[in-house]
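Below: the structure, in C-alpha cells.
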Amino acid sequence: MKDVKTVTLSESVLAETNQALRMYGERGYEGFVLWFGTIEDQCAYVERVYVPTQDSIQSEEGVGYLVSNNTLFELNKFLSETGLRMIAQVHSHPGRAYHSATDDQYAVVTIEGGLSLVVPYFARGPADIMQWAVYRLNHGFWNELSLRETRDLFYSKTTVTSGSSRSEFIARWKGRLKGKTC
Ligand SMILES: [Zn+2]
C-alpha cells in the first residue's frame, strides 16, 4: 500500500459501508468494516466490503469494537485464499470522526500506507468520503489526510473536481473492469 497513489472504488462500496455502519449505529454501537481489493503498482481497487465478526461495545473508552484473534486468523486465511489485499479499515463513531488512541493501538490494518477511515455520527450522514476522516499509516504513525489529499487519493482528480464527475467516474470504473487503468 505504501506506493499507492490512487484508490478507486465504486459508489456502491461507500453505500454498502455506510449501510453496515448505520446498522450498528442504530443499536448504539460503533461498527467496523474492511475494504479488500487488488493493488497494481500505484493503483488500489476496492472490490469488496467485508464486515468481520465483531463484539460491539458501546463506548470507545472501553474499545468501540473488538475483532477477536480468531476472526483475524480467518480474515488472513480469506485473503490468502482469494489473493485479495487489505486496503482500508472503516469504523464509525457516535460523534465526530478522528483516530483515537484506541484506534491507533487496535488497528487491524498494520501495513505501511494502509488506510483507516472514521465515519462520524454512526454513519447517519451521506456516504460521502469527504465528510469522513481519513488516516494513513506512515512510518508507524496514523496521519490524518487533508481534504485535498483525500480528494487526490480517492477516485481520481478528474472525477472529484470536475463538473462531470459522476459520468467520468462511472466510465473509469467500467474501464477498470476491462483494462484496470487508474
Ligand atoms: Zn474510533
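By order of appearance in the C-alpha cells: chains A, B, ..., then residues from 1 within every chain, and ligands from 1 in the order shown.
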
- Contacts of Thr17 in chain A at 9 Å (only C-alpha atoms; same-chain gap of 5+ positions) as number ranges by chain: A: 12, 22, 33-35, 49-51, 90, 123, 127

- Task: From a DSSP calculation on the backbone, collect every residue of range 17-119 of chain A in strand (DSSP E or B) and output the set as a ChimeraX atom specification.
- Result: /A:32-40,43-50,55-56,65-66,85-92,115-119

- Message: Let me see if you get this right: every residue at most 8 Å from ligand 1, counting only C-alpha atoms and all ligand atoms, written as a list in words.
- Response: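 Listed by chain and ascending number, the contacts are Glu60, Gly64, His91, Ser92, His93, Ala97, Tyr98, His99, Ser100, Thr102, Asp103 and Val118 of chain A.
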
For the selection you just gave me, I'd like the residues written to a file as a short mmCIF file (atom, residue, chain, number, x, y, z; two decimals), in the first residue's frame, keeping C-alpha atoms.
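Once everything was written out, this is selection35.cif:
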```cif
data_model
loop_
_atom_site.label_atom_id
_atom_site.label_comp_id
_atom_site.auth_asym_id
_atom_site.auth_seq_id
_atom_site.Cartn_x
_atom_site.Cartn_y
_atom_site.Cartn_z
CA GLU A 60 -14.77 3.69 22.66
CA GLY A 64 -15.70 0.54 20.44
CA HIS A 91 -15.31 2.35 11.56
CA SER A 92 -17.94 4.65 12.93
CA HIS A 93 -18.04 6.99 15.90
CA ALA A 97 -14.61 11.49 13.24
CA TYR A 98 -10.99 11.19 14.42
CA HIS A 99 -8.48 8.45 15.17
CA SER A 100 -8.46 7.88 18.90
CA THR A 102 -7.55 3.20 20.97
CA ASP A 103 -7.92 3.25 17.20
CA VAL A 118 -13.61 7.08 10.52
#
```

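Closest to Arg27 in chain A among A:Tyr65, A:Tyr106, A:Phe122, A:Phe78 is A:Phe122, based on only C-alpha atoms.
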
- Query: Can you tell me, as a list in words, what residues are no more than 10 Å from Glu74 in chain A when counting only C-alpha atoms, ignoring any on the same chain fewer than 5 positions away?
  - Reply: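 Neighbouring residues, sequence-local ones excluded: Pro52, Thr53, Ser68, Asn69, Leu79 and Ser80 of chain A.
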
Output N, CA and C atoms of each residue in that selection to a file, as a compact mmCIF listing (two decimals), in the first residue's frame.
```txt
# COMPACT_ATOMS: atom_id res chain seq x y z
N PRO A 52 -16.46 -8.00 9.33
CA PRO A 52 -16.00 -9.12 10.14
C PRO A 52 -16.88 -9.33 11.37
N THR A 53 -16.82 -10.52 11.89
CA THR A 53 -17.48 -10.79 13.17
C THR A 53 -16.87 -9.85 14.20
N SER A 68 -11.81 -10.37 17.30
CA SER A 68 -11.03 -11.39 18.03
C SER A 68 -9.87 -11.91 17.20
N ASN A 69 -8.93 -12.53 17.88
CA ASN A 69 -7.78 -13.13 17.19
C ASN A 69 -8.23 -14.21 16.22
N LEU A 79 -7.94 -13.83 2.90
CA LEU A 79 -7.12 -13.03 1.99
C LEU A 79 -6.15 -13.91 1.22
N SER A 80 -5.53 -14.87 1.89
CA SER A 80 -4.56 -15.69 1.17
C SER A 80 -5.26 -16.62 0.17
```

- Item | For range 140-149 of chain A: contacts at 8 Å, only C-alpha atoms, fewer than 3 positions along chain excluded, given as number ranges by chain | A: 99, 104, 112, 130, 133-137, 152-153

Using only C-alpha atoms, please write the residues we just selected to a file, as a PDB file, in the first residue's frame.
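Result file is selection_34.pdb:
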```
ATOM      1  CA  HIS A  99      -8.482   8.449  15.173  1.00  0.00           C
ATOM      2  CA  ASP A 104      -4.153   3.657  16.827  1.00  0.00           C
ATOM      3  CA  GLU A 112       2.675   0.785   5.699  1.00  0.00           C
ATOM      4  CA  MET A 130     -15.124  13.892   2.026  1.00  0.00           C
ATOM      5  CA  ALA A 133     -11.787  11.371   8.449  1.00  0.00           C
ATOM      6  CA  VAL A 134      -9.079   9.553   6.508  1.00  0.00           C
ATOM      7  CA  TYR A 135      -5.841   8.379   8.107  1.00  0.00           C
ATOM      8  CA  ARG A 136      -2.861   6.692   6.518  1.00  0.00           C
ATOM      9  CA  LEU A 137      -0.159   4.679   8.233  1.00  0.00           C
ATOM     10  CA  ASP A 152      -6.494  13.323  -4.668  1.00  0.00           C
ATOM     11  CA  LEU A 153      -6.222   9.816  -3.306  1.00  0.00           C
TER      12      LEU A 153
END
```

- Near Ala15 in chain A, counting only C-alpha atoms, which residues have an atom at most 9 Å away, once you skip same-chain residues fewer than 5 positions from it, shown as a ChimeraX atom specification? /A:10,20,126-128

Selected residues written out with C-alpha atoms, as a PDB file, in the first residue's frame:
```pdb
ATOM      1  CA  SER A  10     -17.451   2.414  -6.670  1.00  0.00           C
ATOM      2  CA  ALA A  20     -23.388  -1.597   7.503  1.00  0.00           C
ATOM      3  CA  PRO A 126     -24.467  10.672   3.420  1.00  0.00           C
ATOM      4  CA  ALA A 127     -21.996   8.087   2.097  1.00  0.00           C
ATOM      5  CA  ASP A 128     -19.526  10.853   1.289  1.00  0.00           C
TER       6      ASP A 128
END
```

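With only C-alpha atoms as the atoms that count, the residue of A:Thr150, A:Pro94, A:Ser56, A:Ile129 with the shortest distance to Val13 in chain A is A:Ile129.
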
- Atom-to-atom span, CA of Gln131 in chain A and CA of Gly31 in chain A, Å: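 According to the coordinates, CA of Gln131 in chain A and CA of Gly31 in chain A are separated by 17.0 Å.
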
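Minimum atom-to-atom distances from A:Val109, A:Ile39, A:Leu21, A:Leu9 to Leu72 in chain A were compared using only C-alpha atoms, and the lowest value belongs to A:Val109.
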